[in-house]
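With CSV, C-alpha atoms inside, this is final.csv:
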```
chain,number,residue,atom,x,y,z
A,1,MET,CA,8.5,-2.7,3.0
A,2,SER,CA,5.0,-2.2,4.5
A,3,GLU,CA,4.2,-2.1,8.2
A,4,PRO,CA,2.6,-5.3,9.6
A,5,ASP,CA,-1.2,-5.1,10.0
A,6,PRO,CA,-1.8,-4.5,13.8
A,7,GLY,CA,-5.2,-6.2,13.6
A,8,ALA,CA,-3.7,-9.4,12.1
A,9,ALA,CA,-0.8,-9.3,14.6
A,10,ALA,CA,-3.3,-8.9,17.5
A,11,ARG,CA,-5.5,-11.7,16.2
A,12,ALA,CA,-2.5,-14.0,15.8
A,13,ILE,CA,-1.5,-13.4,19.5
A,14,ILE,CA,-5.1,-14.1,20.6
A,15,ASP,CA,-5.3,-17.2,18.5
A,16,GLU,CA,-1.9,-18.7,19.5
A,17,ASN,CA,-2.1,-18.2,23.2
A,18,ALA,CA,-4.3,-20.1,25.8
A,19,TYR,CA,-4.3,-17.7,28.8
A,20,MET,CA,-5.2,-14.1,29.3
A,21,THR,CA,-4.6,-12.1,32.4
A,22,LEU,CA,-7.6,-10.3,33.9
A,23,ALA,CA,-6.8,-7.0,35.7
A,24,THR,CA,-9.8,-6.4,38.0
A,25,ALA,CA,-10.4,-4.2,41.0
A,26,ASP,CA,-12.7,-4.5,44.0
A,27,ALA,CA,-15.2,-1.9,45.0
A,28,GLN,CA,-12.5,0.1,46.9
A,29,GLY,CA,-10.2,0.0,43.9
A,30,ARG,CA,-7.7,-2.6,45.1
A,31,PRO,CA,-6.2,-4.3,42.1
A,32,TRP,CA,-6.0,-8.0,41.4
A,33,ALA,CA,-4.5,-9.9,38.4
A,34,SER,CA,-5.6,-13.4,37.4
A,35,PRO,CA,-4.7,-15.7,34.5
A,36,VAL,CA,-7.6,-17.6,33.0
A,37,TRP,CA,-7.9,-20.0,30.0
A,38,TYR,CA,-10.1,-18.4,27.4
A,39,ALA,CA,-11.9,-18.7,24.1
A,40,VAL,CA,-13.0,-16.0,21.6
A,41,ALA,CA,-16.8,-16.1,21.3
A,42,GLY,CA,-17.2,-13.3,18.7
A,43,PRO,CA,-15.8,-10.1,17.3
A,44,THR,CA,-15.7,-8.5,20.7
A,45,GLU,CA,-16.3,-11.3,23.2
A,46,LEU,CA,-13.9,-13.5,25.2
A,47,VAL,CA,-15.2,-16.2,27.5
A,48,TRP,CA,-13.8,-18.2,30.4
A,49,VAL,CA,-15.0,-20.3,33.4
A,50,SER,CA,-14.4,-19.4,37.0
A,51,ARG,CA,-15.7,-20.0,40.4
A,52,PRO,CA,-18.1,-17.1,41.5
A,53,GLN,CA,-16.1,-17.1,44.8
A,54,ALA,CA,-12.8,-16.4,43.1
A,55,ARG,CA,-11.4,-13.0,43.9
A,56,HIS,CA,-11.5,-11.8,40.3
A,57,SER,CA,-15.1,-13.0,40.0
A,58,GLN,CA,-16.1,-11.1,43.2
A,59,ASN,CA,-14.3,-8.0,41.8
A,60,LEU,CA,-16.2,-8.2,38.6
A,61,ALA,CA,-19.5,-8.5,40.5
A,62,ALA,CA,-18.6,-5.2,42.2
A,63,ARG,CA,-16.9,-3.4,39.3
A,64,ARG,CA,-17.5,-4.7,35.7
A,65,GLU,CA,-14.6,-2.7,34.1
A,66,LEU,CA,-11.3,-4.6,33.6
A,67,GLY,CA,-8.2,-4.7,31.6
A,68,ILE,CA,-7.0,-7.8,29.8
A,69,VAL,CA,-3.6,-8.6,28.4
A,70,ILE,CA,-2.7,-11.6,26.2
A,71,PHE,CA,1.0,-12.3,25.5
A,72,ASP,CA,3.5,-15.0,24.9
A,73,SER,CA,5.9,-14.9,27.8
A,74,ARG,CA,8.3,-17.4,26.2
A,75,VAL,CA,9.8,-15.0,23.6
A,76,ALA,CA,13.3,-13.4,23.9
A,77,ILE,CA,13.9,-10.3,25.9
A,78,GLY,CA,12.9,-7.2,23.9
A,79,THR,CA,10.9,-9.1,21.3
A,80,GLY,CA,7.6,-9.4,23.1
A,81,THR,CA,4.3,-8.1,21.9
A,82,GLY,CA,0.9,-8.2,23.6
A,83,VAL,CA,-2.7,-7.5,23.1
A,84,TYR,CA,-4.2,-5.0,25.6
A,85,ILE,CA,-8.0,-4.9,26.0
A,86,ASP,CA,-10.3,-2.4,27.8
A,87,ALA,CA,-13.5,-4.3,28.5
A,88,VAL,CA,-16.5,-4.8,30.7
A,89,ALA,CA,-17.2,-8.3,32.0
A,90,ASP,CA,-19.9,-10.3,33.8
A,91,GLN,CA,-21.2,-13.7,34.5
A,92,VAL,CA,-23.1,-14.9,31.4
A,93,PRO,CA,-26.9,-14.7,31.8
A,94,ARG,CA,-28.6,-18.1,31.5
A,95,ALA,CA,-30.2,-17.1,28.2
A,96,ARG,CA,-26.8,-16.5,26.6
A,97,VAL,CA,-24.9,-19.5,28.0
A,98,GLU,CA,-25.5,-21.9,25.1
A,99,PRO,CA,-24.1,-19.9,22.2
A,100,LEU,CA,-21.1,-18.6,24.2
A,101,LEU,CA,-20.4,-22.0,25.7
A,102,ALA,CA,-20.3,-23.5,22.2
A,103,ALA,CA,-17.3,-21.4,21.4
A,104,PHE,CA,-15.6,-22.2,24.7
A,105,SER,CA,-16.3,-25.9,24.2
A,106,ALA,CA,-15.0,-25.9,20.7
A,107,ARG,CA,-11.7,-24.4,21.7
A,108,SER,CA,-11.5,-26.8,24.7
A,109,LEU,CA,-11.8,-29.8,22.4
A,110,ALA,CA,-9.3,-28.3,19.9
A,111,GLN,CA,-6.7,-28.0,22.6
A,112,GLY,CA,-7.3,-31.5,24.1
A,113,GLY,CA,-9.9,-30.5,26.7
A,114,HIS,CA,-13.4,-31.8,27.1
A,115,GLU,CA,-16.7,-30.8,25.8
A,116,TRP,CA,-18.6,-28.3,28.0
A,117,SER,CA,-22.4,-28.3,28.5
A,118,ALA,CA,-24.8,-25.9,30.3
A,119,ALA,CA,-24.9,-28.3,33.2
A,120,ASP,CA,-21.1,-27.7,33.7
A,121,VAL,CA,-21.7,-24.0,34.4
A,122,SER,CA,-25.1,-23.9,36.1
A,123,GLY,CA,-27.0,-25.4,39.0
A,124,ALA,CA,-24.8,-27.1,41.5
A,125,ALA,CA,-21.7,-26.9,39.3
A,126,PRO,CA,-18.8,-25.0,41.0
A,127,VAL,CA,-18.0,-22.8,38.0
A,128,ARG,CA,-19.9,-20.3,35.9
A,129,LEU,CA,-19.3,-18.9,32.4
A,130,TYR,CA,-18.0,-15.3,32.2
A,131,ARG,CA,-17.6,-13.0,29.3
A,132,ALA,CA,-15.6,-9.9,28.6
A,133,THR,CA,-16.9,-7.5,25.9
A,134,ALA,CA,-14.0,-5.5,24.5
A,135,ALA,CA,-14.5,-1.7,24.1
A,136,ARG,CA,-10.9,-1.0,22.8
A,137,VAL,CA,-8.2,-3.3,21.6
A,138,TYR,CA,-4.5,-2.4,21.3
A,139,LEU,CA,-1.4,-4.1,20.0
A,140,GLY,CA,1.6,-3.4,22.2
A,141,VAL,CA,5.1,-3.4,20.9
A,142,ASN,CA,8.0,-2.0,22.9
A,143,ASP,CA,5.7,-0.3,25.4
A,144,HIS,CA,3.9,1.5,22.5
A,145,ARG,CA,0.3,0.7,21.9
A,146,VAL,CA,-1.5,0.9,18.5
A,147,ALA,CA,-5.3,0.8,18.4
A,148,VAL,CA,-6.8,-2.2,16.6
A,149,SER,CA,-10.2,-1.8,15.2
A,150,SER,CA,-10.8,-5.1,13.4
A,151,GLY,CA,-12.0,-7.1,16.4
A,152,LEU,CA,-10.7,-10.1,18.3
A,153,ALA,CA,-11.6,-13.0,16.0
A,154,SER,CA,-9.7,-14.1,13.0
A,155,PRO,CA,-11.6,-13.6,9.8
```
Just give me the structure as structure tokens.
Amino acid sequence: MSEPDPGAAARAIIDENAYMTLATADAQGRPWASPVWYAVAGPTELVWVSRPQARHSQNLAARRELGIVIFDSRVAIGTGTGVYIDAVADQVPRARVEPLLAAFSARSLAQGGHEWSAADVSGAAPVRLYRATAARVYLGVNDHRVAVSSGLASP
């Protein structure tokens, strides 16, 4: 019997879940964890919307490095797996909003949400679009992490 493909297992977790937890730190290194609803925007990019005044957004403005975990918390004890991501994140620059927001909007519509436009994340709007660019991705099983090199998006 062959071992399951870690990349396929990681992509399934990413595709089947709606929230990821951002692990950020402020300029002094004080940690903060925040769940956010997300969409995959490419082989290494995850996107979400947040208020720039939110603690995790303020932390990212001071320190771009973060950790991300995506997991299903409803599984039985001892059976959980998760995807762990080392990344850098920032508020999406205006020139990149449209293509990344398209992925966010498509997932929103697929999950019963609304369509998003650039006006929803710019100007007087209270939220902005953020992106995390993955540097390393791991599949975690029983507190053991296996590197995944095939990206975040399903083929």
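Straight-line separation from CA of Tyr138 in chain A to CA of His56 in chain A: 22.3 Å.
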Which residue of A:Arg11, A:Arg131, A:Arg51, A:Arg96 approaches Arg64 in chain A most closely, using only C-alpha atoms: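 Using only C-alpha atoms, Arg64 in chain A sits closest to A:Arg131.
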List as a tab-separated table every residue of range 7-31 of chain A that is in contact with range 78-95 of chain A, defined as an atom at most 8 Å from one of its atoms (using all atoms listed in the file), together with the nearest atom pair and the distance in Å rounded to one decimal, sorted by chain and then rising number.
```
residue	atom	partner	partner_atom	distance
A:Ala10	CA	A:Val83	CA	5.8
A:Ile13	CA	A:Val83	CA	7.0
A:Ile14	CA	A:Val83	CA	7.5
```
Test item: residues at most 6 Å from Thr21 in chain A, all atoms listed in the file, excluding those fewer than 2 positions along its chain, as a ChimeraX atom specification: /A:34-35,68-69
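Distances from A:Val137, A:Ala9, A:Tyr38, A:Asp72 to Ala106 in chain A were compared using all atoms listed in the file, and the smallest one belongs to A:Tyr38.
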Option closest in space to Ile77 in chain A, from A:Val97, A:Pro4, A:Thr133, A:Asn142 [counting all atoms listed in the file]: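 Ranked by minimum distance to Ile77 in chain A, first place goes to A:Asn142.
Here CA of Gln111 in chain A stands at a distance of 8.9 Å from CA of Ala18 in chain A.
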Two-atom distance - CA of Ala25 in chain A, CA of Val146 in chain A (Å):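 If I compute the distance from CA of Ala25 in chain A to CA of Val146 in chain A, I get 24.7 Å.
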Nearest to Pro43 in chain A, chosen from A:Val141, A:Ala134, A:Leu152, A:Leu101, with only C-alpha atoms counted in the distances: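 For Pro43 in chain A, the nearest of the candidates is A:Leu152.
Closest approach to Trp32 in chain A from the set A:Leu139, A:Leu129, A:Val148, A:Leu60 is made by A:Leu60, with distances taken over all atoms listed in the file.
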Selected residue, from A:Ala125, A:Arg30, A:Thr24, A:Ala41, that lies nearest to Arg107 in chain A when counting only C-alpha atoms: A:Ala41
Specify the axis-aligned box that encloses all atoms of range 72-78 of chain A listed in the file after padding of 6 Å on each side, stating its centre and edge lengths in Å to one decimal as AutoDock Vina command-line options.
```
--center_x 8.7 --center_y -12.3 --center_z 25.7 --size_x 22.4 --size_y 22.2 --size_z 16.2
```
What does range 80-129 of chain A look like written to a file with C-alpha atoms, as a CSV table (one decimal), in the first residue's frame?
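And here's decode_7.csv as it stands now:
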```
chain,number,residue,atom,x,y,z
A,80,GLY,CA,-6.5,15.6,12.9
A,81,THR,CA,-4.3,16.8,10.1
A,82,GLY,CA,-3.4,20.3,9.3
A,83,VAL,CA,-1.6,22.5,6.8
A,84,TYR,CA,1.1,24.7,8.2
A,85,ILE,CA,2.4,27.6,6.1
A,86,ASP,CA,5.4,29.9,6.5
A,87,ALA,CA,4.6,33.1,4.7
A,88,VAL,CA,4.9,36.8,4.3
A,89,ALA,CA,1.8,39.0,4.0
A,90,ASP,CA,0.7,42.5,3.2
A,91,GLN,CA,-2.2,44.6,2.1
A,92,VAL,CA,-2.7,44.1,-1.6
A,93,PRO,CA,-1.4,47.0,-3.6
A,94,ARG,CA,-4.1,48.8,-5.7
A,95,ALA,CA,-2.6,47.5,-9.0
A,96,ARG,CA,-3.0,43.8,-7.9
A,97,VAL,CA,-6.5,44.1,-6.3
A,98,GLU,CA,-8.5,43.1,-9.3
A,99,PRO,CA,-7.0,39.7,-10.1
A,100,LEU,CA,-6.7,38.6,-6.5
A,101,LEU,CA,-10.2,39.9,-5.6
A,102,ALA,CA,-11.6,37.8,-8.5
A,103,ALA,CA,-10.4,34.6,-6.7
A,104,PHE,CA,-11.8,35.9,-3.4
A,105,SER,CA,-15.1,36.8,-5.0
A,106,ALA,CA,-15.4,33.5,-6.8
A,107,ARG,CA,-15.0,31.5,-3.6
A,108,SER,CA,-17.4,33.8,-1.8
A,109,LEU,CA,-20.1,33.2,-4.4
A,110,ALA,CA,-19.4,29.4,-4.3
A,111,GLN,CA,-19.9,29.4,-0.6
A,112,GLY,CA,-23.1,31.4,-0.6
A,113,GLY,CA,-21.5,34.9,-0.1
A,114,HIS,CA,-21.7,37.9,-2.3
A,115,GLU,CA,-19.6,39.2,-5.2
A,116,TRP,CA,-16.8,41.5,-4.2
A,117,SER,CA,-15.6,44.5,-6.2
A,118,ALA,CA,-12.7,46.9,-5.9
A,119,ALA,CA,-15.0,49.4,-4.3
A,120,ASP,CA,-15.6,47.0,-1.4
A,121,VAL,CA,-11.9,47.1,-0.5
A,122,SER,CA,-10.8,50.6,-1.3
A,123,GLY,CA,-11.6,54.3,-0.7
A,124,ALA,CA,-14.0,54.7,2.2
A,125,ALA,CA,-14.7,50.9,2.5
A,126,PRO,CA,-13.9,49.6,6.0
A,127,VAL,CA,-11.9,46.6,4.8
A,128,ARG,CA,-8.9,46.0,2.6
A,129,LEU,CA,-7.7,42.9,0.7
```
